[in-house]
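In what follows, a single structure is set out as structure tokens and then discussed.
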Amino acid sequence: MSEPPGVADPWAAVLSRHRPRTAIPKLSTHLEAAGVTAELLAAILNDPPQAESWLGGTASPDAPDWVRNPIARALVCAELGEQDVIRSRRFADHRAAAVSEAVDGSTVASVAREIGVRPQVVSRLHHRTSRDLLETVEAWLHRNTISLGER
């Protein structure tokens, strides 16, 4: 299915933030079959606390349709989880960069004391390189692209 010129695929806009592009067609097919639209998923991913509160009331007649549908719920929860994985990785990368910057103006021991961790943790974070980060991201993308392939 092709989009008109200048119109982006709504699934790509939502899923490409945390999923490899090659996985999007299959994921969107499953989500649509479960009654989850790209717009609905975008709203859920933009407000995880609200989604979490809905998930606590799965038996409630007032719960949204996706909450009462176990397949939709499983798919949405998977996307929430993947989003959290990516966010966690990004925050870890920012933390490593901040620690490295702090060590550049001080010492490993001093920074460790200031942030309340062992010097070994600071040293490990300080010595992470862009290459290490790139290899980590590439490995994650490779692993997830393969695991989401045709079965």
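By order in the structure tokens, chains are A, B, ...; within a chain, residues start at 1; ligands start at 1, following the order shown.
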Excluding segment 109-116 of chain A and its own-chain neighbours fewer than 4 positions away, which residues fall within 12 Å of it when counting only C-alpha atoms? Please give them as a VMD selection string. chain A and resid 95 98 to 105 120 to 126
Go ahead and save the picked residues with C-alpha atoms, as a PDB file, in the first residue's frame.
ATOM      1  CA  ARG A  95      24.285   9.538  31.987  1.00  0.00           C
ATOM      2  CA  ALA A  98      27.486  13.464  31.817  1.00  0.00           C
ATOM      3  CA  VAL A  99      29.750  11.307  34.002  1.00  0.00           C
ATOM      4  CA  SER A 100      32.492  11.475  31.398  1.00  0.00           C
ATOM      5  CA  GLU A 101      32.176  15.246  31.236  1.00  0.00           C
ATOM      6  CA  ALA A 102      32.311  15.486  35.041  1.00  0.00           C
ATOM      7  CA  VAL A 103      35.430  13.289  35.180  1.00  0.00           C
ATOM      8  CA  ASP A 104      37.128  15.457  32.559  1.00  0.00           C
ATOM      9  CA  GLY A 105      36.975  18.341  35.039  1.00  0.00           C
ATOM     10  CA  GLN A 120      34.499   1.448  39.184  1.00  0.00           C
ATOM     11  CA  VAL A 121      31.050   2.509  37.946  1.00  0.00           C
ATOM     12  CA  VAL A 122      32.295   5.995  37.140  1.00  0.00           C
ATOM     13  CA  SER A 123      35.370   4.598  35.416  1.00  0.00           C
ATOM     14  CA  ARG A 124      33.257   2.240  33.287  1.00  0.00           C
ATOM     15  CA  LEU A 125      30.890   5.042  32.293  1.00  0.00           C
ATOM     16  CA  HIS A 126      33.770   7.424  31.582  1.00  0.00           C
TER      17      HIS A 126
END
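For segment 39-56 of chain A, the non-local neighbours within 9 Å, defined as residues at least 5 positions apart in the same chain or in other chains and counting only C-alpha atoms, are A:Pro10, A:Trp11, A:Ala13, A:Val14, A:Leu15, A:Leu31, A:Ala63, A:Pro64, A:Val67, A:Arg68, A:Arg73, A:Val76, A:Cys77, A:Glu79, A:Leu80, A:Gln83.
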Print the selection's residues with N, CA, C and O atoms to a file, as an mmCIF file, in the first residue's frame.
data_model
loop_
_atom_site.group_PDB
_atom_site.id
_atom_site.type_symbol
_atom_site.label_atom_id
_atom_site.label_comp_id
_atom_site.auth_asym_id
_atom_site.auth_seq_id
_atom_site.Cartn_x
_atom_site.Cartn_y
_atom_site.Cartn_z
ATOM 1 N N PRO A 10 1.252 6.702 8.846
ATOM 2 C CA PRO A 10 1.034 6.995 10.263
ATOM 3 C C PRO A 10 1.690 5.954 11.181
ATOM 4 O O PRO A 10 2.133 6.297 12.274
ATOM 5 N N TRP A 11 1.775 4.708 10.737
ATOM 6 C CA TRP A 11 2.431 3.686 11.561
ATOM 7 C C TRP A 11 3.921 3.967 11.684
ATOM 8 O O TRP A 11 4.493 3.811 12.762
ATOM 9 N N ALA A 13 5.336 6.827 11.576
ATOM 10 C CA ALA A 13 5.503 7.978 12.466
ATOM 11 C C ALA A 13 5.454 7.568 13.939
ATOM 12 O O ALA A 13 6.166 8.121 14.775
ATOM 13 N N VAL A 14 4.630 6.573 14.257
ATOM 14 C CA VAL A 14 4.471 6.145 15.652
ATOM 15 C C VAL A 14 5.535 5.117 16.047
ATOM 16 O O VAL A 14 6.161 5.234 17.098
ATOM 17 N N LEU A 15 5.740 4.123 15.209
ATOM 18 C CA LEU A 15 6.585 2.990 15.588
ATOM 19 C C LEU A 15 8.076 3.200 15.343
ATOM 20 O O LEU A 15 8.899 2.570 16.006
ATOM 21 N N LEU A 31 -1.452 -4.975 14.893
ATOM 22 C CA LEU A 31 -2.142 -3.958 15.687
ATOM 23 C C LEU A 31 -3.502 -3.624 15.079
ATOM 24 O O LEU A 31 -4.511 -3.563 15.792
ATOM 25 N N ALA A 63 -13.677 0.665 30.598
ATOM 26 C CA ALA A 63 -12.329 0.590 30.034
ATOM 27 C C ALA A 63 -12.398 0.732 28.516
ATOM 28 O O ALA A 63 -13.357 0.291 27.886
ATOM 29 N N PRO A 64 -11.376 1.360 27.923
ATOM 30 C CA PRO A 64 -11.358 1.464 26.456
ATOM 31 C C PRO A 64 -11.364 0.069 25.817
ATOM 32 O O PRO A 64 -10.945 -0.912 26.432
ATOM 33 N N VAL A 67 -8.282 -2.165 25.991
ATOM 34 C CA VAL A 67 -7.984 -2.747 27.304
ATOM 35 C C VAL A 67 -8.775 -4.041 27.505
ATOM 36 O O VAL A 67 -8.267 -5.007 28.077
ATOM 37 N N ARG A 68 -9.983 -4.077 27.006
ATOM 38 C CA ARG A 68 -10.812 -5.271 27.162
ATOM 39 C C ARG A 68 -10.437 -6.381 26.181
ATOM 40 O O ARG A 68 -10.801 -7.526 26.369
ATOM 41 N N ARG A 73 -4.360 -5.595 24.079
ATOM 42 C CA ARG A 73 -3.639 -5.243 25.312
ATOM 43 C C ARG A 73 -2.216 -5.768 25.268
ATOM 44 O O ARG A 73 -1.267 -5.062 25.611
ATOM 45 N N VAL A 76 -0.200 -3.657 22.689
ATOM 46 C CA VAL A 76 0.061 -2.309 23.200
ATOM 47 C C VAL A 76 1.113 -2.346 24.307
ATOM 48 O O VAL A 76 2.028 -1.525 24.337
ATOM 49 N N CYS A 77 1.007 -3.317 25.189
ATOM 50 C CA CYS A 77 1.989 -3.432 26.274
ATOM 51 C C CYS A 77 3.387 -3.716 25.718
ATOM 52 O O CYS A 77 4.379 -3.210 26.247
ATOM 53 N N GLU A 79 4.527 -2.618 22.885
ATOM 54 C CA GLU A 79 5.030 -1.352 22.350
ATOM 55 C C GLU A 79 5.436 -0.395 23.470
ATOM 56 O O GLU A 79 6.432 0.310 23.364
ATOM 57 N N LEU A 80 4.662 -0.385 24.549
ATOM 58 C CA LEU A 80 5.050 0.433 25.712
ATOM 59 C C LEU A 80 6.391 -0.039 26.265
ATOM 60 O O LEU A 80 7.259 0.774 26.604
ATOM 61 N N GLN A 83 9.253 0.952 23.918
ATOM 62 C CA GLN A 83 9.521 2.381 24.063
ATOM 63 C C GLN A 83 10.367 2.629 25.311
ATOM 64 O O GLN A 83 11.305 3.419 25.281
#
Going by DSSP on the backbone, which bits of segment 7-58 of chain A are helix (DSSP H, G or I)? Write them as a VMD selection string, please. chain A and resid 10 to 15 21 to 33 38 to 46 48 to 55
Let me see the file: selected residues, C-alpha atoms, as a JSON list (two decimals), in the first residue's frame.
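The new file part36.json reads:
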[["chain", "number", "residue", "atom", "x", "y", "z"],
["A", 10, "PRO", "CA", 1.03, 6.99, 10.26],
["A", 11, "TRP", "CA", 2.43, 3.69, 11.56],
["A", 12, "ALA", "CA", 5.97, 4.68, 10.65],
["A", 13, "ALA", "CA", 5.50, 7.98, 12.47],
["A", 14, "VAL", "CA", 4.47, 6.14, 15.65],
["A", 15, "LEU", "CA", 6.58, 2.99, 15.59],
["A", 21, "ARG", "CA", 11.52, 0.24, 10.05],
["A", 22, "THR", "CA", 11.62, -3.30, 8.66],
["A", 23, "ALA", "CA", 9.38, -4.49, 11.53],
["A", 24, "ILE", "CA", 6.69, -1.84, 11.07],
["A", 25, "PRO", "CA", 4.58, -3.47, 8.32],
["A", 26, "LYS", "CA", 4.15, -6.71, 10.27],
["A", 27, "LEU", "CA", 3.53, -4.93, 13.58],
["A", 28, "SER", "CA", 1.00, -2.56, 12.06],
["A", 29, "THR", "CA", -0.87, -5.50, 10.54],
["A", 30, "HIS", "CA", -1.15, -7.18, 13.94],
["A", 31, "LEU", "CA", -2.14, -3.96, 15.69],
["A", 32, "GLU", "CA", -4.81, -3.12, 13.12],
["A", 33, "ALA", "CA", -6.21, -6.66, 13.28],
["A", 38, "ALA", "CA", -1.86, 4.36, 14.71],
["A", 39, "GLU", "CA", -3.55, 7.37, 16.30],
["A", 40, "LEU", "CA", -4.66, 5.36, 19.32],
["A", 41, "LEU", "CA", -1.20, 3.84, 19.79],
["A", 42, "ALA", "CA", 0.41, 7.28, 19.51],
["A", 43, "ALA", "CA", -1.90, 8.60, 22.24],
["A", 44, "ILE", "CA", -1.12, 5.61, 24.47],
["A", 45, "LEU", "CA", 2.65, 5.88, 23.94],
["A", 46, "ASN", "CA", 2.50, 9.60, 24.68],
["A", 48, "PRO", "CA", 2.06, 5.75, 29.63],
["A", 49, "PRO", "CA", 0.71, 6.60, 33.11],
["A", 50, "GLN", "CA", -2.81, 6.86, 31.69],
["A", 51, "ALA", "CA", -2.36, 3.52, 29.90],
["A", 52, "GLU", "CA", -1.14, 1.97, 33.14],
["A", 53, "SER", "CA", -4.20, 3.20, 35.01],
["A", 54, "TRP", "CA", -6.48, 1.74, 32.32],
["A", 55, "LEU", "CA", -4.65, -1.60, 32.52]]
So how far away is atom CA of Asn69 of chain A from atom CA of Gly35 of chain A, in Å? 8.7 Å
Which residues are near Asp93 of chain A? Cut-off 10 Å, only C-alpha atoms, ignore same chain within fewer than 4 positions. Put them as a VMD selection string. chain A and resid 87 to 89 97 to 99 125 128 130 133
How would the residues just chosen look if you wrote them out with N, CA, C and O atoms as a PDB file, in the first residue's frame?
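Everything below was put into again.pdb:
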ATOM      1  N   ARG A  87      14.070   4.346  25.643  1.00  0.00           N
ATOM      2  CA  ARG A  87      14.270   5.501  26.537  1.00  0.00           C
ATOM      3  C   ARG A  87      15.331   5.198  27.587  1.00  0.00           C
ATOM      4  O   ARG A  87      16.184   6.042  27.881  1.00  0.00           O
ATOM      5  N   SER A  88      15.307   4.008  28.136  1.00  0.00           N
ATOM      6  CA  SER A  88      16.309   3.637  29.142  1.00  0.00           C
ATOM      7  C   SER A  88      17.710   3.682  28.551  1.00  0.00           C
ATOM      8  O   SER A  88      18.649   4.175  29.183  1.00  0.00           O
ATOM      9  N   ARG A  89      17.862   3.172  27.340  1.00  0.00           N
ATOM     10  CA  ARG A  89      19.166   3.193  26.672  1.00  0.00           C
ATOM     11  C   ARG A  89      19.618   4.628  26.445  1.00  0.00           C
ATOM     12  O   ARG A  89      20.764   4.978  26.693  1.00  0.00           O
ATOM     13  N   ALA A  97      27.599  10.124  29.238  1.00  0.00           N
ATOM     14  CA  ALA A  97      28.210  11.352  28.722  1.00  0.00           C
ATOM     15  C   ALA A  97      28.385  12.381  29.832  1.00  0.00           C
ATOM     16  O   ALA A  97      29.426  13.056  29.912  1.00  0.00           O
ATOM     17  N   ALA A  98      27.390  12.502  30.711  1.00  0.00           N
ATOM     18  CA  ALA A  98      27.486  13.464  31.817  1.00  0.00           C
ATOM     19  C   ALA A  98      28.605  13.071  32.784  1.00  0.00           C
ATOM     20  O   ALA A  98      29.374  13.931  33.235  1.00  0.00           O
ATOM     21  N   VAL A  99      28.694  11.780  33.101  1.00  0.00           N
ATOM     22  CA  VAL A  99      29.750  11.307  34.002  1.00  0.00           C
ATOM     23  C   VAL A  99      31.110  11.555  33.369  1.00  0.00           C
ATOM     24  O   VAL A  99      32.036  12.029  34.026  1.00  0.00           O
ATOM     25  N   LEU A 125      31.687   4.079  33.048  1.00  0.00           N
ATOM     26  CA  LEU A 125      30.890   5.042  32.293  1.00  0.00           C
ATOM     27  C   LEU A 125      31.772   6.035  31.544  1.00  0.00           C
ATOM     28  O   LEU A 125      31.497   6.400  30.403  1.00  0.00           O
ATOM     29  N   ARG A 128      33.297   4.601  28.251  1.00  0.00           N
ATOM     30  CA  ARG A 128      32.432   4.204  27.129  1.00  0.00           C
ATOM     31  C   ARG A 128      32.745   5.115  25.952  1.00  0.00           C
ATOM     32  O   ARG A 128      32.894   6.318  26.093  1.00  0.00           O
ATOM     33  N   SER A 130      31.982   6.255  21.731  1.00  0.00           N
ATOM     34  CA  SER A 130      30.921   6.313  20.725  1.00  0.00           C
ATOM     35  C   SER A 130      30.838   4.987  19.981  1.00  0.00           C
ATOM     36  O   SER A 130      29.763   4.531  19.627  1.00  0.00           O
ATOM     37  N   LEU A 133      28.823   2.540  21.970  1.00  0.00           N
ATOM     38  CA  LEU A 133      27.403   2.861  21.885  1.00  0.00           C
ATOM     39  C   LEU A 133      26.839   2.448  20.538  1.00  0.00           C
ATOM     40  O   LEU A 133      25.752   1.877  20.460  1.00  0.00           O
TER      41      LEU A 133
END
